[in-house]
>>> print(open('query.cif').read())   # mmCIF, C-alpha atoms
data_entry
loop_
_atom_site.label_atom_id
_atom_site.label_comp_id
_atom_site.auth_asym_id
_atom_site.auth_seq_id
_atom_site.Cartn_x
_atom_site.Cartn_y
_atom_site.Cartn_z
CA MET H 234 0.00 0.00 0.00
CA ALA H 235 1.32 3.41 -0.94
CA GLU H 236 2.18 5.87 1.78
CA SER H 237 1.14 9.44 1.17
CA SER H 238 0.17 12.58 2.99
CA PRO H 239 -1.74 15.75 2.18
CA LYS H 240 1.61 17.38 1.36
CA ASP H 241 2.32 14.77 -1.31
CA VAL H 242 -1.04 14.74 -3.06
CA PRO H 243 -2.98 17.83 -4.20
CA SER H 244 -6.48 18.11 -2.73
CA GLU H 245 -8.12 19.50 -5.88
CA PRO H 246 -8.53 17.95 -9.37
CA VAL H 247 -5.44 18.44 -11.50
CA ALA H 248 -5.60 19.04 -15.28
CA VAL H 249 -2.69 17.48 -17.15
CA ALA H 250 -1.52 17.01 -20.75
CA ILE H 251 0.09 13.64 -21.42
CA ASP H 252 2.66 13.27 -24.18
CA ILE H 253 1.71 10.44 -26.55
CA GLY H 254 4.46 11.04 -29.10
CA ASP H 255 4.63 12.81 -32.47
CA ASP H 256 4.24 16.15 -30.66
CA LYS H 257 0.72 15.18 -29.58
CA THR H 258 -0.86 15.19 -26.13
CA VAL H 259 -4.10 14.01 -24.57
CA GLU H 260 -6.02 15.97 -21.98
CA ALA H 261 -6.64 14.35 -18.63
CA VAL H 262 -7.87 15.16 -15.13
CA VAL H 263 -6.52 13.52 -12.00
CA LEU H 264 -8.68 13.36 -8.88
CA PRO H 265 -6.13 12.58 -6.16
CA GLY H 266 -8.56 10.85 -3.83
CA LYS H 267 -9.45 11.78 -0.30
CA SER H 268 -6.10 10.63 1.06
CA ALA H 269 -4.62 8.30 -1.60
CA LYS H 270 -4.88 5.23 0.63
CA SER H 271 -4.12 2.56 -1.97
CA ASP H 272 -1.40 1.86 -4.50
CA ILE H 273 -4.13 0.90 -6.98
CA GLY H 274 -5.66 3.78 -8.91
CA ILE H 275 -8.41 3.89 -11.53
CA ILE H 276 -8.45 5.33 -15.04
CA LEU H 277 -11.66 6.05 -16.97
CA THR H 278 -12.18 6.97 -20.59
CA HIS H 279 -15.11 7.67 -22.89
CA GLY H 280 -16.82 6.17 -25.92
CA ALA H 281 -16.31 6.86 -29.61
CA GLY H 282 -17.99 10.25 -29.68
CA GLY H 283 -17.60 11.41 -26.11
CA SER H 284 -15.02 13.00 -23.86
CA MET H 285 -13.71 12.72 -20.31
CA HIS H 286 -16.45 15.18 -19.31
CA ASP H 287 -19.27 12.71 -20.08
CA GLU H 288 -21.75 12.54 -17.23
CA GLN H 289 -21.30 8.86 -16.41
CA ILE H 290 -17.50 8.81 -16.08
CA THR H 291 -17.36 12.26 -14.47
CA LEU H 292 -19.73 11.27 -11.68
CA LEU H 293 -18.15 7.86 -11.23
CA SER H 294 -14.65 9.31 -10.92
CA MET H 295 -15.89 11.66 -8.21
CA GLU H 296 -17.44 8.79 -6.25
CA MET H 297 -14.23 6.75 -6.56
CA ALA H 298 -12.11 9.66 -5.31
CA LYS H 299 -14.35 10.07 -2.27
CA GLN H 300 -13.37 6.55 -1.22
CA GLY H 301 -9.64 7.34 -1.34
CA LEU H 302 -8.80 6.10 -4.84
CA VAL H 303 -6.59 8.14 -7.13
CA CYS H 304 -8.88 8.48 -10.14
CA MET H 305 -7.95 9.74 -13.58
CA ARG H 306 -10.06 10.31 -16.66
CA PHE H 307 -8.82 11.25 -20.10
CA SER H 308 -10.02 12.17 -23.58
CA TYR H 309 -8.82 10.65 -26.83
CA ARG H 310 -11.05 10.30 -29.88
CA HIS H 311 -9.98 7.99 -32.66
CA PRO H 312 -12.07 5.67 -34.85
CA GLN H 313 -9.52 2.83 -34.69
CA LEU H 314 -9.54 0.61 -31.61
CA ASP H 315 -5.82 -0.19 -31.78
CA LYS H 316 -5.00 3.53 -31.60
CA ARG H 317 -7.23 3.92 -28.56
CA VAL H 318 -5.43 0.99 -26.91
CA GLN H 319 -1.97 2.38 -27.68
CA VAL H 320 -2.82 5.73 -26.12
CA TYR H 321 -4.48 4.09 -23.12
CA LYS H 322 -1.23 2.19 -22.45
CA LYS H 323 0.70 5.48 -22.47
CA VAL H 324 -1.77 6.95 -20.01
CA VAL H 325 -1.35 3.97 -17.69
CA GLU H 326 2.43 4.32 -17.77
CA TRP H 327 2.18 8.06 -17.14
CA LEU H 328 0.04 7.63 -14.01
CA VAL H 329 2.22 4.83 -12.64
CA GLY H 330 5.27 7.01 -13.27
CA GLN H 331 3.96 9.87 -11.11
CA GLU H 332 5.51 9.11 -7.72
CA LYS H 333 3.45 11.74 -5.91
CA TYR H 334 0.29 9.69 -6.47
CA GLY H 335 1.79 6.40 -5.31
CA VAL H 336 -0.05 4.35 -7.95
CA LYS H 337 1.61 1.08 -8.93
CA ARG H 338 -1.32 -0.71 -10.59
CA VAL H 339 -4.56 0.48 -12.13
CA ILE H 340 -8.14 -0.53 -12.64
CA ALA H 341 -8.63 0.24 -16.33
CA GLY H 342 -12.11 1.56 -16.98
CA GLY H 343 -14.02 2.82 -19.98
CA ARG H 344 -17.46 3.17 -21.49
CA SER H 345 -18.60 1.90 -24.89
CA MET H 346 -15.59 1.98 -27.26
CA GLY H 347 -13.47 2.81 -24.22
CA ALA H 348 -14.70 -0.46 -22.68
CA ARG H 349 -13.46 -2.34 -25.75
CA ALA H 350 -10.04 -0.80 -25.17
CA VAL H 351 -10.19 -1.96 -21.55
CA VAL H 352 -10.71 -5.57 -22.64
CA GLU H 353 -7.63 -5.33 -24.85
CA LEU H 354 -5.55 -3.85 -22.03
CA ALA H 355 -6.70 -6.55 -19.62
CA GLY H 356 -5.29 -9.16 -21.98
CA ASP H 357 -2.07 -7.34 -22.87
CA GLU H 358 0.97 -9.36 -21.76
CA ASP H 359 3.06 -6.18 -21.37
CA LEU H 360 0.57 -4.78 -18.84
CA LYS H 361 0.06 -7.92 -16.79
CA GLU H 362 1.78 -6.35 -13.77
CA ARG H 363 0.05 -3.00 -14.24
CA VAL H 364 -3.65 -3.83 -14.70
CA ALA H 365 -5.38 -4.93 -11.49
CA GLY H 366 -8.85 -5.12 -13.02
CA GLY H 367 -11.11 -3.95 -15.82
CA LEU H 368 -14.32 -1.92 -15.60
CA CYS H 369 -16.47 -1.99 -18.73
CA LEU H 370 -19.41 0.42 -18.83
CA SER H 371 -21.97 -0.11 -21.60
CA TYR H 372 -19.78 -2.58 -23.48
CA PRO H 373 -20.90 -2.54 -27.14
CA LEU H 374 -21.16 -6.28 -27.69
CA HIS H 375 -22.67 -5.81 -31.15
CA THR H 376 -24.05 -3.08 -33.41
CA THR H 377 -27.68 -2.02 -33.29
CA LYS H 378 -28.25 -3.56 -36.72
CA ASP H 379 -26.42 -6.90 -36.44
CA ALA H 380 -26.41 -8.77 -33.13
CA SER H 381 -24.66 -11.75 -34.73
CA ASP H 382 -21.40 -9.86 -35.23
CA MET H 383 -20.15 -9.87 -31.65
CA ARG H 384 -17.04 -8.11 -30.38
CA THR H 385 -15.55 -10.87 -28.25
CA THR H 386 -12.14 -11.43 -29.89
CA GLY H 387 -10.23 -10.21 -26.85
CA PHE H 388 -12.32 -12.02 -24.22
CA PRO H 389 -10.27 -15.28 -24.02
CA SER H 390 -7.05 -13.33 -23.37
CA VAL H 391 -8.31 -11.32 -20.40
CA ALA H 392 -6.04 -11.87 -17.38
CA SER H 393 -7.59 -9.71 -14.64
CA PRO H 394 -10.91 -9.53 -12.75
CA MET H 395 -13.63 -7.74 -14.71
CA LEU H 396 -16.87 -5.89 -14.01
CA PHE H 397 -19.37 -5.21 -16.79
CA ALA H 398 -22.18 -2.73 -16.14
CA SER H 399 -24.78 -2.44 -18.90
CA GLY H 400 -28.30 -1.11 -19.31
CA MET H 401 -31.12 -3.62 -19.66
CA ARG H 402 -32.37 -1.58 -22.63
CA ASP H 403 -29.01 -1.19 -24.33
CA PRO H 404 -29.56 -1.92 -28.06
CA MET H 405 -25.86 -2.74 -28.39
CA CYS H 406 -25.75 -5.36 -25.65
CA GLN H 407 -28.55 -7.90 -25.52
CA MET H 408 -28.52 -9.43 -22.06
CA GLU H 409 -28.74 -13.12 -23.00
CA LEU H 410 -26.07 -12.76 -25.68
CA MET H 411 -23.80 -10.98 -23.21
CA LYS H 412 -24.22 -13.64 -20.55
CA LYS H 413 -23.08 -16.29 -23.04
CA ALA H 414 -20.23 -14.16 -24.38
CA LEU H 415 -18.78 -13.48 -20.92
CA LYS H 416 -18.21 -17.22 -20.44
CA LYS H 417 -15.28 -16.83 -22.83
CA ILE H 418 -13.41 -14.76 -20.25
CA PRO H 419 -11.21 -17.05 -18.10
CA THR H 420 -10.96 -14.72 -15.09
CA LYS H 421 -13.54 -13.70 -12.50
CA VAL H 422 -16.33 -11.70 -14.15
CA GLU H 423 -19.08 -9.78 -12.39
CA THR H 424 -22.04 -8.03 -14.00
CA ILE H 425 -24.47 -5.26 -13.14
CA TRP H 426 -27.62 -4.91 -15.21
CA ILE H 427 -29.06 -1.41 -14.90
CA GLY H 428 -32.84 -1.32 -14.91
CA GLY H 429 -34.33 1.25 -17.29
CA ALA H 430 -30.97 2.25 -18.79
CA ASP H 431 -30.02 2.31 -22.46
CA HIS H 432 -26.49 2.58 -23.92
CA SER H 433 -25.88 5.77 -21.93
CA GLY H 434 -25.78 3.67 -18.76
CA MET H 435 -27.85 6.28 -16.95
CA PRO H 436 -31.28 5.15 -15.70
CA LYS H 437 -34.21 7.15 -16.97
CA ARG H 438 -36.30 8.70 -14.17
CA LYS H 439 -39.35 10.94 -14.12
CA ARG H 440 -37.49 13.38 -11.90
CA GLN H 441 -34.02 12.83 -13.31
CA GLU H 442 -31.75 15.76 -12.56
CA ALA H 443 -28.60 16.58 -14.52
CA PHE H 444 -25.53 15.02 -12.95
CA GLU H 445 -27.46 12.88 -10.48
CA VAL H 446 -25.63 9.85 -9.07
CA PRO H 447 -27.55 6.63 -9.88
CA ASP H 448 -27.81 3.84 -7.31
CA TYR H 449 -25.74 1.31 -9.21
CA PHE H 450 -22.63 3.49 -8.92
CA HIS H 451 -22.35 2.38 -5.29
CA SER H 452 -22.01 -1.26 -6.37
CA VAL H 453 -19.34 -0.31 -8.91
CA VAL H 454 -17.42 1.62 -6.27
CA VAL H 455 -17.63 -1.26 -3.78
CA TRP H 456 -16.14 -3.58 -6.41
CA ALA H 457 -13.28 -1.14 -7.06
CA CYS H 458 -12.64 -0.71 -3.34
CA GLU H 459 -12.35 -4.47 -2.93
CA LEU H 460 -9.72 -4.68 -5.66
CA ALA H 461 -7.85 -1.77 -4.10
CA LYS H 462 -8.16 -3.33 -0.62
CA LEU H 463 -9.98 -0.30 0.70
CA PRO H 464 -12.96 -0.40 3.07
CA PHE H 465 -16.07 1.04 1.46
CA GLU H 466 -17.19 4.07 3.48
CA PRO H 467 -20.97 4.52 3.11
CA ASN H 468 -20.94 7.99 4.68
CA GLN H 469 -18.77 9.22 1.78
CA ALA H 470 -21.17 8.00 -0.91
CA THR H 471 -23.70 10.25 -2.63
CA ASN H 472 -27.35 9.29 -2.75
CA ASN H 473 -30.02 11.33 -4.57
CA ASP H 474 -33.18 9.29 -4.18
CA PRO H 475 -36.34 11.43 -3.88
CA ASP H 476 -37.29 12.44 -0.33
CA GLN H 477 -40.70 10.83 -0.46
CA LYS H 478 -39.46 7.39 -1.49
CA PRO H 479 -39.53 5.02 1.51
CA VAL H 480 -36.27 3.23 2.23
CA ALA H 481 -38.02 -0.14 2.03
CA ALA H 482 -39.07 0.59 -1.55
CA ILE H 483 -35.54 1.67 -2.46
CA LEU H 484 -34.04 -1.50 -1.01
CA ALA H 485 -36.66 -3.69 -2.70
CA LYS H 486 -35.94 -2.10 -6.09
CA ARG H 487 -32.21 -2.61 -5.62
CA ARG H 488 -32.82 -6.28 -4.85
CA ARG H 489 -34.89 -6.70 -8.00
CA ASP H 490 -32.22 -5.05 -10.14
CA ILE H 491 -29.54 -7.33 -8.72
CA GLY H 492 -31.28 -10.59 -9.61
CA ASP H 493 -29.71 -13.88 -8.50
CA ASP H 494 -26.04 -12.96 -8.82
CA PRO H 495 -24.46 -13.92 -5.44
CA GLU H 496 -21.58 -11.46 -5.86
CA ALA H 497 -24.01 -8.64 -6.59
CA LYS H 498 -26.06 -9.56 -3.52
CA ARG H 499 -22.92 -9.37 -1.39
CA ARG H 500 -22.16 -5.91 -2.78
CA PHE H 501 -25.75 -4.88 -2.09
CA ASP H 502 -25.33 -5.81 1.56
CA ALA H 503 -22.29 -3.55 1.67
CA VAL H 504 -23.98 -0.51 0.12
CA ALA H 505 -27.44 -0.82 1.72
CA PRO H 506 -26.33 1.34 4.70
CA VAL H 507 -26.02 4.26 2.27
CA LEU H 508 -29.73 4.11 1.59
CA ARG H 509 -30.72 3.49 5.20
CA ARG H 510 -28.58 6.40 6.39
CA THR H 511 -30.04 8.73 3.76
CA ALA H 512 -33.63 7.80 4.62
CA ALA H 513 -33.01 8.21 8.33
CA SER H 514 -31.55 11.68 7.85
CA LYS H 515 -34.68 12.82 6.00
CA LYS H 516 -37.16 11.85 8.67
#
>>> encode(input="query.cif", output="structure tokens")
Amino acid sequence: MAESSPKDVPSEPVAVAIDIGDDKTVEAVVLPGKSAKSDIGIILTHGAGGSMHDEQITLLSMEMAKQGLVCMRFSYRHPQLDKRVQVYKKVVEWLVGQEKYGVKRVIAGGRSMGARAVVELAGDEDLKERVAGGLCLSYPLHTTKDASDMRTTGFPSVASPMLFASGMRDPMCQMELMKKALKKIPTKVETIWIGGADHSGMPKRKRQEAFEVPDYFHSVVVWACELAKLPFEPNQATNNDPDQKPVAAILAKRRRDIGDDPEAKRRFDAVAPVLRRTAASKK
């Protein structure tokens, strides 16, 4: 575990430009984490048409940092997957090379096309000692027009624990096809199916506010904390459920969304205090 102090790690987000060669740089933001308690950090990147400022990865990086994880997100748009992977590798090496953050290994995370890059990184022999896990948000298993052409080439080579979080209404990731495809991955794989969500990964709500933290983020953060050997601290987590919604209804909905996955049930037991605490404070 890395040793650090407030003197070593800035308390505010830090904007950086990372050299990727050929006089080019990529923009990135580092959230140092509450106190940089672990030597495992997390990196998040966007989909084909997005940026590091996308709602899903922006909110998730903030929740990760609250738990004491050094969290970095970066932008790099390119239509070719191999180019995205090459740049991602440079970003990993950059973060590991910054002694002030104390990061020795990373959880590689990404959404959509960024998730495809994560799968490639998780199976890269050169990064075997660097990648502690892979987080795939809204993995595009297939196109919206052809579900038979599945993007699973890199699955058998994956060498680290993986978490896939996808919307139940994602037109690019049919649930039954994904469940079968994930059997090709030889390492431990966990899944979160997000009720009411499409490819954006953000649940649709009648009272949805901009930049509102969805419930399932807590389960993702618990998974990351476990890999980083950090205790999940419920009092640091954000919860935005409507005031009038009884805690029993919230918990029941969470249980339904989880399904029969034993690992997901265990994570639910860890994050349930967040909901109970929030409900109690509103009485």
>>> residues_around(input="query.cif", residues="Ala457 (chain H)", least_positions_apart="2", cutoff="12 Å", atoms="all atoms listed in the file", output="ChimeraX atom specification")
/H:271,273-276,293-294,296-298,300-304,339-342,365-368,394-396,423,450-455,459-465,500
>>> axis_aligned_box(input="query.cif", around="region 336-345 of chain H", padding_each_side="3 Å", output="lines of an AutoDock Vina configuration file")
center_x = -8.5
center_y = 1.8
center_z = -16.4
size_x = 26.2
size_y = 11.1
size_z = 22.9
>>> atom_distance(input="query.cif", atom1="CA of Leu292 (chain H)", atom2="CA of Met305 (chain H)")
12.0 Å
>>> residues_around(input="query.cif", residues="Gly387 (chain H)", least_positions_apart="4", cutoff="8 Å", atoms="only C-alpha atoms", output="PDB file with C-alpha atoms, in the frame of the given file")
ATOM      1  CA  VAL H 352     -10.710  -5.570 -22.640  1.00  0.00           C
ATOM      2  CA  GLU H 353      -7.630  -5.330 -24.850  1.00  0.00           C
ATOM      3  CA  GLY H 356      -5.290  -9.160 -21.980  1.00  0.00           C
ATOM      4  CA  VAL H 391      -8.310 -11.320 -20.400  1.00  0.00           C
TER       5      VAL H 391
END
>>> closest_residue(input="query.cif", among="H:Asp272, H:Pro404, H:Ala470, H:Pro495", to="Gly335 (chain H)", atoms="all atoms listed in the file")
H:Asp272
>>> resolve_selection(input="query.cif", expression="the PyMOL selection byres ((chain H and resi 262) around 9)", output="PDB file with C-alpha atoms, in the coordinates of the input")
ATOM      1  CA  PRO H 246      -8.530  17.950  -9.370  1.00  0.00           C
ATOM      2  CA  VAL H 247      -5.440  18.440 -11.500  1.00  0.00           C
ATOM      3  CA  ALA H 248      -5.600  19.040 -15.280  1.00  0.00           C
ATOM      4  CA  VAL H 249      -2.690  17.480 -17.150  1.00  0.00           C
ATOM      5  CA  ALA H 250      -1.520  17.010 -20.750  1.00  0.00           C
ATOM      6  CA  GLU H 260      -6.020  15.970 -21.980  1.00  0.00           C
ATOM      7  CA  ALA H 261      -6.640  14.350 -18.630  1.00  0.00           C
ATOM      8  CA  VAL H 263      -6.520  13.520 -12.000  1.00  0.00           C
ATOM      9  CA  LEU H 264      -8.680  13.360  -8.880  1.00  0.00           C
ATOM     10  CA  MET H 285     -13.710  12.720 -20.310  1.00  0.00           C
ATOM     11  CA  CYS H 304      -8.880   8.480 -10.140  1.00  0.00           C
ATOM     12  CA  MET H 305      -7.950   9.740 -13.580  1.00  0.00           C
ATOM     13  CA  ARG H 306     -10.060  10.310 -16.660  1.00  0.00           C
ATOM     14  CA  PHE H 307      -8.820  11.250 -20.100  1.00  0.00           C
TER      15      PHE H 307
END
>>> resolve_selection(input="query.cif", expression="the PyMOL selection byres ((chain H and resi 281) around 8)", output="PyMOL selection string")
chain H and resi 279-280+282-283+310-312+345-347
>>> residues_around(input="query.cif", residues="region 372-381 of chain H", least_positions_apart="4", cutoff="8 Å", atoms="all atoms listed in the file", output="list in words")
Arg344, Ser345, Met346, Ala348, Arg349, Thr385, Phe397, Ala398, Ser399, Pro404, Met405, Cys406, Gln407 and Met411 of chain H
>>> write_last_selection(input="query.cif", atoms="C-alpha atoms", output="PDB file, in the frame of the given file")
ATOM      1  CA  ARG H 344     -17.460   3.170 -21.490  1.00  0.00           C
ATOM      2  CA  SER H 345     -18.600   1.900 -24.890  1.00  0.00           C
ATOM      3  CA  MET H 346     -15.590   1.980 -27.260  1.00  0.00           C
ATOM      4  CA  ALA H 348     -14.700  -0.460 -22.680  1.00  0.00           C
ATOM      5  CA  ARG H 349     -13.460  -2.340 -25.750  1.00  0.00           C
ATOM      6  CA  THR H 385     -15.550 -10.870 -28.250  1.00  0.00           C
ATOM      7  CA  PHE H 397     -19.370  -5.210 -16.790  1.00  0.00           C
ATOM      8  CA  ALA H 398     -22.180  -2.730 -16.140  1.00  0.00           C
ATOM      9  CA  SER H 399     -24.780  -2.440 -18.900  1.00  0.00           C
ATOM     10  CA  PRO H 404     -29.560  -1.920 -28.060  1.00  0.00           C
ATOM     11  CA  MET H 405     -25.860  -2.740 -28.390  1.00  0.00           C
ATOM     12  CA  CYS H 406     -25.750  -5.360 -25.650  1.00  0.00           C
ATOM     13  CA  GLN H 407     -28.550  -7.900 -25.520  1.00  0.00           C
ATOM     14  CA  MET H 411     -23.800 -10.980 -23.210  1.00  0.00           C
TER      15      MET H 411
END
>>> atom_distance(input="query.cif", atom1="CA of Ser284 (chain H)", atom2="CA of Ser308 (chain H)")
5.1 Å
>>> atom_distance(input="query.cif", atom1="CA of Lys299 (chain H)", atom2="CA of His286 (chain H)")
17.9 Å
>>> closest_residue(input="query.cif", among="H:Thr386, H:Asp403, H:Lys437, H:Lys270", to="Leu415 (chain H)", atoms="only C-alpha atoms")
H:Thr386
>>> closest_residue(input="query.cif", among="H:Pro419, H:Asp382, H:Pro389, H:Asp252", to="Lys322 (chain H)", atoms="only C-alpha atoms")
H:Asp252
>>> resolve_selection(input="query.cif", expression="the PyMOL selection byres ((chain H and resi 321) around 9)", output="ChimeraX atom specification")
/H:278,307,309,316-320,322-326,341,350-351,354
>>> closest_residue(input="query.cif", among="H:Met295, H:Val259, H:Leu360, H:Ile427", to="Ala392 (chain H)", atoms="all atoms listed in the file")
H:Leu360
